[in-house]
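A.B. asks: My structure is in final34.txt, and what it holds is compact mmCIF, C-alpha atoms:
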```
# COMPACT_ATOMS: atom_id res chain seq x y z
CA MET A 1 35.64 0.22 26.63
CA HIS A 2 36.36 3.05 24.20
CA GLU A 3 33.66 2.05 21.70
CA LEU A 4 31.69 5.26 22.33
CA SER A 5 34.66 7.40 21.31
CA VAL A 6 35.07 5.29 18.14
CA ILE A 7 31.38 5.84 17.35
CA ALA A 8 31.71 9.59 18.02
CA SER A 9 34.56 9.67 15.47
CA LEU A 10 32.39 7.62 13.05
CA PHE A 11 29.58 10.18 13.29
CA ASP A 12 31.96 13.03 12.40
CA THR A 13 32.68 11.16 9.15
CA LEU A 14 29.01 10.29 8.57
CA LEU A 15 28.00 13.95 8.81
CA GLU A 16 30.76 15.00 6.40
CA GLN A 17 29.77 12.30 3.91
CA ALA A 18 26.06 13.12 4.18
CA LYS A 19 26.79 16.74 3.45
CA ALA A 20 29.12 15.99 0.53
CA HIS A 21 26.53 13.69 -1.08
CA LYS A 22 23.47 15.83 -0.21
CA ALA A 23 21.97 12.90 1.70
CA ARG A 24 18.65 13.35 3.49
CA ALA A 25 19.07 10.28 5.62
CA ILE A 26 21.63 7.55 6.17
CA THR A 27 19.94 4.15 6.10
CA MET A 28 22.86 1.77 6.49
CA VAL A 29 26.43 1.95 7.77
CA LYS A 30 28.87 -0.88 7.14
CA LEU A 31 32.05 -1.31 9.17
CA GLU A 32 34.95 -3.73 8.94
CA VAL A 33 36.08 -4.73 12.43
CA GLY A 34 39.13 -6.92 12.92
CA ALA A 35 39.31 -9.48 15.71
CA LEU A 36 42.34 -7.62 17.07
CA SER A 37 41.07 -4.07 16.54
CA GLY A 38 40.63 -3.55 20.25
CA VAL A 39 36.88 -2.98 20.08
CA VAL A 40 34.00 -5.32 20.79
CA PRO A 41 31.36 -5.45 17.99
CA GLU A 42 28.46 -5.82 20.45
CA LEU A 43 29.56 -2.71 22.32
CA LEU A 44 29.94 -0.80 19.04
CA GLU A 45 26.33 -1.72 18.24
CA SER A 46 25.11 -0.45 21.62
CA ALA A 47 27.10 2.76 21.25
CA PHE A 48 25.77 3.27 17.72
CA GLU A 49 22.15 2.84 18.87
CA MET A 50 22.71 5.31 21.68
CA TYR A 51 24.46 7.87 19.50
CA LYS A 52 22.23 7.86 16.42
CA ALA A 53 19.10 9.34 18.04
CA GLY A 54 18.32 12.74 16.59
CA THR A 55 21.00 12.51 13.88
CA ILE A 56 20.83 12.03 10.14
CA ALA A 57 21.50 8.34 10.81
CA GLU A 58 18.56 7.97 13.19
CA LYS A 59 17.02 5.13 11.16
CA ALA A 60 20.30 3.60 10.03
CA LYS A 61 21.11 -0.05 10.42
CA LEU A 62 24.66 -0.89 11.50
CA VAL A 63 26.28 -3.82 9.68
CA ILE A 64 29.55 -5.15 11.04
CA ASP A 65 31.80 -7.33 8.89
CA ARG A 66 33.99 -9.17 11.40
CA ARG A 67 37.46 -9.83 10.00
CA PRO A 68 39.43 -12.76 11.39
CA PHE A 69 42.93 -12.52 12.71
CA GLN A 70 45.45 -13.71 10.12
CA VAL A 71 49.20 -14.04 10.44
CA ARG A 72 52.02 -15.13 8.12
CA CYS A 73 54.98 -16.99 9.58
CA ARG A 74 58.27 -15.31 8.63
CA THR A 75 60.11 -18.60 9.19
CA CYS A 76 58.11 -21.16 7.15
CA GLY A 77 55.59 -18.98 5.28
CA THR A 78 52.44 -20.63 6.66
CA VAL A 79 49.37 -18.37 6.74
CA GLU A 80 47.12 -19.06 9.73
CA THR A 81 43.59 -17.67 10.20
CA ARG A 82 41.91 -17.60 13.59
CA GLU A 83 39.17 -15.78 15.45
CA ASP A 84 41.48 -15.28 18.41
CA PHE A 85 45.14 -14.45 18.86
CA VAL A 86 47.85 -16.70 17.41
CA PHE A 87 51.02 -16.84 19.48
CA ALA A 88 53.14 -19.33 17.56
CA CYS A 89 53.09 -20.80 14.05
CA PRO A 90 51.19 -24.12 14.30
CA PRO A 91 53.46 -26.17 11.95
CA CYS A 92 56.90 -24.83 12.90
CA GLY A 93 56.42 -23.17 16.30
CA SER A 94 58.11 -19.92 15.28
CA THR A 95 56.90 -16.79 17.07
CA ASP A 96 58.19 -14.50 14.33
CA LEU A 97 54.76 -13.76 12.86
CA GLU A 98 53.61 -10.91 10.65
CA ILE A 99 50.03 -9.68 11.05
CA VAL A 100 48.21 -9.84 7.68
CA SER A 101 44.72 -8.82 8.82
CA GLY A 102 42.57 -8.50 11.89
CA THR A 103 43.50 -5.03 13.08
CA GLU A 104 41.00 -3.22 10.78
CA LEU A 105 38.61 -0.63 12.13
CA ILE A 106 37.21 0.79 8.91
CA LEU A 107 34.07 2.55 7.67
CA GLU A 108 33.54 0.62 4.45
CA LYS A 109 30.35 2.14 3.04
CA ILE A 110 27.18 4.06 3.71
CA GLU A 111 23.75 3.71 2.13
CA ALA A 112 21.91 7.00 1.97
CA GLU A 113 18.62 8.48 0.76
CA THR A 114 19.35 11.34 -1.52
CA ASP A 115 17.75 13.59 -4.13
CA ASP A 116 20.98 13.43 -6.04
CA PRO A 117 21.56 9.80 -7.03
CA GLY A 118 24.39 10.68 -9.46
CA ASP A 119 27.96 9.65 -8.74
CA THR A 120 28.82 7.20 -5.99
CA MET S 1 13.39 8.54 -2.35
CA PRO S 2 16.34 7.14 -4.32
CA LYS S 3 19.04 5.43 -2.35
CA LYS S 4 22.69 5.27 -3.15
CA ASP S 5 25.76 3.53 -1.81
CA ILE S 6 28.67 5.71 -0.80
CA LEU S 7 31.95 3.85 -0.64
CA VAL S 8 34.10 5.43 2.08
CA LEU S 9 36.88 3.00 3.15
CA GLN S 10 38.17 5.26 5.88
CA ASP S 11 39.89 4.27 9.10
CA LEU S 12 37.49 4.98 11.95
CA LEU S 13 40.34 6.42 13.96
CA LEU S 14 41.60 8.50 11.03
CA SER S 15 41.21 11.82 12.83
CA ASN S 16 43.32 10.47 15.70
CA ALA S 17 45.91 9.08 13.28
CA GLN S 18 46.19 12.46 11.54
CA ALA S 19 46.56 14.33 14.82
CA ALA S 20 49.19 11.81 15.93
CA ALA S 21 51.16 12.19 12.69
CA ALA S 22 51.22 15.97 13.16
CA ILE S 23 52.47 15.61 16.74
CA ARG S 24 55.18 13.14 15.68
CA ALA S 25 56.39 15.46 12.93
CA GLU S 26 56.44 18.49 15.22
CA LEU S 27 58.21 16.78 18.13
CA GLU S 28 60.81 15.05 16.00
CA GLY S 29 61.43 18.31 14.19
CA ARG S 30 62.14 19.85 17.58
CA GLY S 31 64.43 16.95 18.50
CA ILE S 32 62.11 15.70 21.25
CA LEU S 33 61.64 11.99 21.94
CA ALA S 34 57.98 11.34 22.81
CA VAL S 35 57.39 8.30 25.03
CA ASN S 36 53.89 6.91 25.63
CA ILE S 37 53.79 4.99 28.93
CA MET S 38 50.96 2.49 29.38
CA SER S 39 50.05 0.10 32.18
CA SER S 40 47.33 -0.96 34.57
CA PRO S 41 46.51 1.52 37.35
CA GLY S 42 49.07 1.26 40.13
CA ALA S 43 51.82 -0.47 38.13
CA GLY S 44 54.23 2.34 39.01
CA LYS S 45 54.21 4.73 36.05
CA THR S 46 54.45 7.90 38.14
CA SER S 47 56.96 6.41 40.60
CA LEU S 48 59.17 5.37 37.68
CA LEU S 49 59.00 8.90 36.27
CA GLU S 50 59.88 10.38 39.69
CA ARG S 51 62.99 8.17 39.91
CA ILE S 52 63.98 9.01 36.31
CA ALA S 53 63.54 12.73 37.11
CA GLU S 54 65.80 12.43 40.18
CA ARG S 55 68.53 10.49 38.37
CA THR S 56 68.61 12.68 35.27
CA ALA S 57 68.31 16.07 37.02
CA GLY S 58 70.85 18.40 35.41
CA SER S 59 71.83 15.95 32.65
CA LEU S 60 68.60 15.39 30.70
CA LYS S 61 65.74 17.80 30.06
CA ILE S 62 62.48 15.96 30.51
CA ALA S 63 58.83 17.01 30.60
CA VAL S 64 55.72 15.02 31.47
CA ILE S 65 52.10 14.96 30.36
CA GLU S 66 49.93 13.16 32.88
CA GLY S 67 46.68 11.51 31.81
CA ASP S 68 44.14 10.61 34.46
CA ILE S 69 40.39 10.40 34.74
CA GLU S 70 40.37 12.84 37.65
CA THR S 71 42.73 14.84 39.94
CA GLU S 72 46.06 16.65 39.47
CA ARG S 73 47.86 14.39 41.95
CA ASP S 74 50.36 12.91 39.51
CA THR S 75 51.26 16.29 38.02
CA GLU S 76 51.95 17.65 41.49
CA ARG S 77 54.28 14.69 42.19
CA ILE S 78 56.24 15.33 38.99
CA ARG S 79 56.44 19.11 39.47
CA ALA S 80 57.80 18.50 42.97
CA LYS S 81 60.86 17.02 41.19
CA GLY S 82 61.39 20.28 39.30
CA VAL S 83 60.11 18.86 36.01
CA PRO S 84 57.55 20.71 33.84
CA ALA S 85 54.30 18.75 33.86
CA TRP S 86 50.76 19.16 32.57
CA GLN S 87 47.68 17.26 33.63
CA ILE S 88 45.05 16.07 31.17
CA THR S 89 41.95 14.94 33.05
CA THR S 90 39.75 12.95 30.71
CA GLY S 91 36.65 13.19 32.91
CA GLY S 92 35.82 9.53 32.50
CA ALA S 93 37.47 8.56 29.22
CA CYS S 94 39.60 5.44 29.55
CA HIS S 95 42.52 6.58 27.34
CA LEU S 96 44.29 9.64 25.97
CA GLU S 97 43.75 10.71 22.36
CA ALA S 98 46.21 12.56 20.15
CA LYS S 99 44.16 15.77 20.06
CA MET S 100 44.37 16.06 23.85
CA VAL S 101 48.15 15.80 23.66
CA GLY S 102 48.29 18.27 20.76
CA LYS S 103 46.78 21.00 22.92
CA VAL S 104 49.67 20.74 25.39
CA LEU S 105 52.50 20.87 22.83
CA PRO S 106 52.81 24.69 22.66
CA SER S 107 53.64 24.67 26.40
CA VAL S 108 56.49 22.15 26.08
CA PRO S 109 59.79 24.05 26.53
CA PRO S 110 62.04 24.09 23.42
CA GLU S 111 65.02 22.62 25.28
CA THR S 112 63.07 19.45 26.18
CA GLU S 113 64.82 16.22 25.17
CA ILE S 114 62.27 13.63 26.27
CA LEU S 115 58.52 14.18 26.62
CA PHE S 116 56.87 11.42 28.64
CA ILE S 117 53.14 10.95 28.17
CA GLU S 118 51.76 8.94 31.07
CA ASN S 119 48.55 7.40 29.76
CA VAL S 120 45.43 6.67 31.78
CA GLY S 121 45.97 3.53 33.87
CA ASN S 122 44.37 0.86 31.68
CA LEU S 123 45.97 -2.06 29.87
CA VAL S 124 43.29 -2.21 27.15
CA CYS S 125 42.04 1.01 25.51
CA PRO S 126 45.20 3.18 25.40
CA ALA S 127 46.82 0.56 23.12
CA GLY S 128 44.39 1.52 20.33
CA TYR S 129 45.39 5.19 20.21
CA ASP S 130 48.55 6.54 18.63
CA LEU S 131 49.56 9.72 20.49
CA GLY S 132 52.36 10.64 18.10
CA GLU S 133 54.97 8.92 20.24
CA ARG S 134 58.18 7.43 18.87
CA LEU S 135 58.56 4.98 21.74
CA ARG S 136 55.78 3.09 23.50
CA ILE S 137 56.60 1.56 26.87
CA VAL S 138 54.36 -0.90 28.67
CA LEU S 139 54.82 -1.56 32.39
CA LEU S 140 53.89 -4.80 34.15
CA SER S 141 54.25 -4.82 37.92
CA ALA S 142 54.93 -7.90 40.03
CA PRO S 143 51.60 -7.86 41.96
CA GLU S 144 49.62 -8.00 38.70
CA GLY S 145 50.87 -11.50 37.90
CA ASP S 146 53.18 -12.92 35.25
CA ASP S 147 50.25 -14.19 33.13
CA LYS S 148 49.12 -10.78 31.89
CA PRO S 149 50.84 -10.36 28.50
CA LYS S 150 48.68 -12.92 26.67
CA LYS S 151 45.54 -11.69 28.44
CA TYR S 152 46.10 -8.15 27.17
CA PRO S 153 48.01 -8.80 23.92
CA LYS S 154 47.51 -5.46 22.20
CA ALA S 155 49.37 -3.47 24.85
CA PHE S 156 52.36 -5.81 24.49
CA THR S 157 52.30 -6.19 20.70
CA THR S 158 52.18 -2.43 20.07
CA ALA S 159 54.92 -1.50 22.57
CA GLN S 160 58.64 -1.51 21.79
CA THR S 161 59.81 -1.62 25.40
CA LEU S 162 58.57 -3.63 28.40
CA VAL S 163 59.46 -2.70 31.97
CA LEU S 164 58.79 -5.22 34.74
CA THR S 165 58.37 -3.03 37.82
CA LYS S 166 58.40 -3.51 41.60
CA ALA S 167 61.32 -5.96 41.40
CA ASP S 168 61.82 -5.47 45.17
CA LEU S 169 58.59 -7.48 45.61
CA PHE S 170 59.69 -10.47 43.51
CA PRO S 171 60.82 -12.50 46.55
CA HIS S 172 57.43 -12.05 48.22
CA LEU S 173 55.13 -12.90 45.33
CA PRO S 174 54.51 -15.86 43.02
CA PHE S 175 55.62 -13.64 40.11
CA ASP S 176 58.22 -15.18 37.82
CA PRO S 177 59.94 -12.37 35.87
CA ALA S 178 61.46 -14.89 33.43
CA LYS S 179 57.98 -16.24 32.63
CA ALA S 180 56.52 -12.74 32.18
CA LYS S 181 59.41 -11.82 29.90
CA ALA S 182 59.17 -15.03 27.85
CA GLU S 183 55.42 -14.62 27.39
CA ALA S 184 55.79 -11.00 26.26
CA LEU S 185 58.58 -11.95 23.85
CA GLU S 186 56.39 -14.68 22.37
CA LEU S 187 53.87 -11.97 21.51
CA ASN S 188 56.46 -9.47 20.38
CA PRO S 189 59.98 -10.84 19.78
CA LYS S 190 61.41 -7.35 19.25
CA LEU S 191 60.55 -6.01 22.73
CA ASP S 192 63.40 -4.53 24.76
CA VAL S 193 62.86 -5.74 28.32
CA PHE S 194 64.00 -4.06 31.56
CA ILE S 195 63.49 -4.96 35.21
CA THR S 196 63.25 -2.07 37.66
CA SER S 197 62.44 -1.15 41.23
CA ALA S 198 61.49 2.39 42.18
CA VAL S 199 62.31 1.44 45.80
CA THR S 200 65.83 -0.02 45.46
CA GLY S 201 66.76 1.71 42.19
CA GLU S 202 67.48 -1.60 40.45
CA GLY S 203 67.56 -1.36 36.66
CA LEU S 204 66.92 2.38 36.48
CA ASP S 205 70.33 3.28 35.05
CA GLU S 206 69.93 0.69 32.29
CA LEU S 207 66.46 2.01 31.42
CA ILE S 208 67.69 5.63 31.39
CA ALA S 209 70.61 4.67 29.10
CA HIS S 210 68.07 3.03 26.76
CA LEU S 211 65.97 6.23 26.73
CA ARG S 212 69.07 8.34 25.99
CA ARG S 213 69.94 6.07 23.04
CA LYS S 214 66.40 6.39 21.67
CA ARG S 215 66.63 10.18 22.03
CA GLU S 216 69.94 10.22 20.13
CA GLU S 217 68.35 8.34 17.20
CA ILE S 218 66.20 11.39 16.44
CA GLN S 219 67.63 13.73 13.84
CA PRO S 220 66.11 17.14 14.48
CA HIS S 221 65.33 19.23 11.44
CA ALA S 222 64.09 22.76 10.84
```
Rewrite the structure of this file - the entire thing - as structure tokens.

C.D. replies:
Amino acid sequence: MHELSVIASLFDTLLEQAKAHKARAITMVKLEVGALSGVVPELLESAFEMYKAGTIAEKAKLVIDRRPFQVRCRTCGTVETREDFVFACPPCGSTDLEIVSGTELILEKIEAETDDPGDT
Amino acid sequence: MPKKDILVLQDLLLSNAQAAAAIRAELEGRGILAVNIMSSPGAGKTSLLERIAERTAGSLKIAVIEGDIETERDTERIRAKGVPAWQITTGGACHLEAKMVGKVLPSVPPETEILFIENVGNLVCPAGYDLGERLRIVLLSAPEGDDKPKKYPKAFTTAQTLVLTKADLFPHLPFDPAKAKAEALELNPKLDVFITSAVTGEGLDELIAHLRRKREEIQPHA
């Protein structure tokens, strides 16, 4: 249950970005959230709604791209994609697995209203 | 009003990661091994530190940062062993963050060899936050049950050392240490596993020897 502190950290970045790009309002925020990132997307959404009031992102929509958990077996090379945790390689049973994706917790992009539509 | 897309691609926990990197660089430069200890509440983190303090008194310089939601109780227990200790009370937050630890660093005596950071008792959230430690230890106590590693995978996949605590209770509980160990190793085959009891002293010498080895791996620099 540390989603609120993740959102607080997100807003620090949003304010910096808004300033750097002379944004008047942030209208959309897109995150990549891995299945094994340790946060729950629904709780991130609640925290975002709570936090955005009175900020430059007051009217922003939060979009969450959920990334599945993917591992590569170091024994047989199989790549396995799941929504939940994988404990052993399905074909060979090896537990020597390398995490390929699913731990992301990334601010991918922001959509903003600005007087200065120049560079992006 | 025109709209534009701003591509950011930044880790949401970047500010924590940066603070943690600075702590790691500073502590390793000073030759200090930082150890982040995580577990459920009541798994025996503070008791383990008390026993380590007693057994290493005079031979190893340790210091302890205590993280709790409220009270200075744990810090008082550690100080009673003659070990420098600082309390971080998070006032409700479920985990420590690197910036909280960073504020304590100037107080850590230069002769310190191992700095233990006892995280807030919680097997979930602390696992997501790098505190700048070199070694992460997760504790699992017998009363919690041997089925916990797969229920809380992140704590066990991000740790390098597992300590099964309260071994004196094994005969009284349906806790199978071999099963707990096997399940944790399935998640993380590289885990070093120790079995301890803060009551009988079982396994403490082995764990302390492990900590000394980890401390010796650090090459202090200017």

A.B. asks: Which one is closest to Ala35 in chain A: A:Leu97, A:Val86, A:Ile110, A:Ala53? Count all atoms listed in the file.

C.D. replies: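 For Ala35 in chain A, the nearest of the given residues is A:Val86.
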
A.B. asks: Find the residue from S:Val64, S:Val124, S:Ala167, S:Ala98 that sits nearest to chain A; use only C-alpha atoms when measuring.

C.D. replies: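 For chain A, the nearest of the candidates is S:Val124.
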
A.B. asks: Every residue with an atom at most 9 Å from (45.3, -3.2, 21.0) (file coordinates; all atoms listed in the file) is what I'm after, so could you write them as a VMD selection string?

C.D. replies: (chain A and resid 36 to 39 103) or (chain S and resid 123 to 129 152 to 158)

A.B. asks: Which residues are near range 8-24 of chain A? Cut-off 8 Å, all atoms listed in the file, ignore same chain within fewer than 4 positions. Put them as a ChimeraX atom specification.

C.D. replies: /A:4,51,56,107,112-116 /S:12-13,15

A.B. asks: Quick one: axis-aligned box around all listed atoms of range 86-98 of chain A, 3 Å on every side, centre and edge lengths in Å to one decimal, written as JSON.

C.D. replies:
```
{"center_x": 53.0, "center_y": -18.5, "center_z": 15.1, "size_x": 16.3, "size_y": 21.3, "size_z": 14.8}
```

A.B. asks: Show me, as JSON lines, the residues of chain S having an atom within 7 Å of chain A, each with the closest atom pair and its distance in Å, using all atoms listed in the file.

C.D. replies:
```
{"residue": "S:Met1", "atom": "CA", "partner": "A:Glu113", "partner_atom": "CA", "distance": 6.1}
{"residue": "S:Pro2", "atom": "CA", "partner": "A:Glu113", "partner_atom": "CA", "distance": 5.7}
{"residue": "S:Lys3", "atom": "CA", "partner": "A:Glu113", "partner_atom": "CA", "distance": 4.4}
{"residue": "S:Lys4", "atom": "CA", "partner": "A:Ala112", "partner_atom": "CA", "distance": 5.5}
{"residue": "S:Asp5", "atom": "CA", "partner": "A:Glu111", "partner_atom": "CA", "distance": 4.4}
{"residue": "S:Ile6", "atom": "CA", "partner": "A:Ile110", "partner_atom": "CA", "distance": 5.0}
{"residue": "S:Leu7", "atom": "CA", "partner": "A:Lys109", "partner_atom": "CA", "distance": 4.4}
{"residue": "S:Val8", "atom": "CA", "partner": "A:Lys109", "partner_atom": "CA", "distance": 5.1}
{"residue": "S:Leu9", "atom": "CA", "partner": "A:Glu108", "partner_atom": "CA", "distance": 4.3}
{"residue": "S:Gln10", "atom": "CA", "partner": "A:Leu107", "partner_atom": "CA", "distance": 5.2}
{"residue": "S:Asp11", "atom": "CA", "partner": "A:Ile106", "partner_atom": "CA", "distance": 4.4}
{"residue": "S:Leu12", "atom": "CA", "partner": "A:Ile106", "partner_atom": "CA", "distance": 5.2}
{"residue": "S:Leu13", "atom": "CA", "partner": "A:Ser9", "partner_atom": "CA", "distance": 6.8}
{"residue": "S:Cys94", "atom": "CA", "partner": "A:His2", "partner_atom": "CA", "distance": 6.7}
{"residue": "S:Cys125", "atom": "CA", "partner": "A:His2", "partner_atom": "CA", "distance": 6.2}
{"residue": "S:Gly128", "atom": "CA", "partner": "A:Gly38", "partner_atom": "CA", "distance": 6.3}
{"residue": "S:Glu186", "atom": "CA", "partner": "A:Thr95", "partner_atom": "CA", "distance": 5.7}
{"residue": "S:Leu187", "atom": "CA", "partner": "A:Phe87", "partner_atom": "CA", "distance": 6.0}
{"residue": "S:Pro189", "atom": "CA", "partner": "A:Asp96", "partner_atom": "CA", "distance": 6.8}
```

A.B. asks: Atoms to include: C-alpha atoms. Write the selected residues as an mmCIF file, in the coordinates of the input.

C.D. replies:
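Now in again00.cif:
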```cif
data_model
loop_
_atom_site.group_PDB
_atom_site.id
_atom_site.type_symbol
_atom_site.label_atom_id
_atom_site.label_comp_id
_atom_site.auth_asym_id
_atom_site.auth_seq_id
_atom_site.Cartn_x
_atom_site.Cartn_y
_atom_site.Cartn_z
ATOM 1 C CA MET S 1 13.390 8.540 -2.350
ATOM 2 C CA PRO S 2 16.340 7.140 -4.320
ATOM 3 C CA LYS S 3 19.040 5.430 -2.350
ATOM 4 C CA LYS S 4 22.690 5.270 -3.150
ATOM 5 C CA ASP S 5 25.760 3.530 -1.810
ATOM 6 C CA ILE S 6 28.670 5.710 -0.800
ATOM 7 C CA LEU S 7 31.950 3.850 -0.640
ATOM 8 C CA VAL S 8 34.100 5.430 2.080
ATOM 9 C CA LEU S 9 36.880 3.000 3.150
ATOM 10 C CA GLN S 10 38.170 5.260 5.880
ATOM 11 C CA ASP S 11 39.890 4.270 9.100
ATOM 12 C CA LEU S 12 37.490 4.980 11.950
ATOM 13 C CA LEU S 13 40.340 6.420 13.960
ATOM 14 C CA CYS S 94 39.600 5.440 29.550
ATOM 15 C CA CYS S 125 42.040 1.010 25.510
ATOM 16 C CA GLY S 128 44.390 1.520 20.330
ATOM 17 C CA GLU S 186 56.390 -14.680 22.370
ATOM 18 C CA LEU S 187 53.870 -11.970 21.510
ATOM 19 C CA PRO S 189 59.980 -10.840 19.780
#
```

A.B. asks: Rounded to one decimal in Å, what is the spacing between CA of Ala47 in chain A and CA of Leu14 in chain S?

C.D. replies: 18.6 Å

A.B. asks: For a cut-off of 6 Å around (65.5, -4.5, 37.9), file coordinates, pick out all residues using all atoms listed in the file and list them as a ChimeraX atom specification.

C.D. replies: /S:167,195-197,202-203

A.B. asks: Can you tell me how far CA of Lys99 in chain S sits from CA of Arg30 in chain S, in Å to one decimal?

C.D. replies: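 Pair CA of Lys99 in chain S / CA of Arg30 in chain S returns 18.6 Å.
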
A.B. asks: Name all residues at most 12 Å from Pro177 in chain S (count only C-alpha atoms; drop same-chain ones fewer than 3 positions away) and give them as number ranges by chain.

C.D. replies: S: 140-149, 162-171, 173-174, 180-184, 193-196

A.B. asks: For CA of Ser47 in chain S and CA of Ala25 in chain S, quote the distance in Å rounded to one decimal.

C.D. replies: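 Value for the CA of Ser47 in chain S-CA of Ala25 in chain S distance: 29.1 Å.
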
A.B. asks: Contacts of Gly67 in chain S at 9 Å or less, counting all atoms listed in the file, minus same-chain residues fewer than 3 places along, as a VMD selection string?

C.D. replies: chain S and resid 70 74 86 to 90 95 to 96 117 to 121

A.B. asks: May I have the residues from that selection written out with C-alpha atoms, as a CSV table (one decimal), in the frame of the given file?

C.D. replies:
```csv
chain,number,residue,atom,x,y,z
S,70,GLU,CA,40.4,12.8,37.6
S,74,ASP,CA,50.4,12.9,39.5
S,86,TRP,CA,50.8,19.2,32.6
S,87,GLN,CA,47.7,17.3,33.6
S,88,ILE,CA,45.0,16.1,31.2
S,89,THR,CA,42.0,14.9,33.0
S,90,THR,CA,39.8,13.0,30.7
S,95,HIS,CA,42.5,6.6,27.3
S,96,LEU,CA,44.3,9.6,26.0
S,117,ILE,CA,53.1,11.0,28.2
S,118,GLU,CA,51.8,8.9,31.1
S,119,ASN,CA,48.6,7.4,29.8
S,120,VAL,CA,45.4,6.7,31.8
S,121,GLY,CA,46.0,3.5,33.9
```

A.B. asks: Check the smallest atom-to-atom distance from each of S:Val101, S:Leu211, S:Ala198, S:Ile78 to Ala43 in chain S using all atoms listed in the file, then report the winner.

C.D. replies: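 Nearest candidate to Ala43 in chain S out of S:Val101, S:Leu211, S:Ala198, S:Ile78: S:Ala198.
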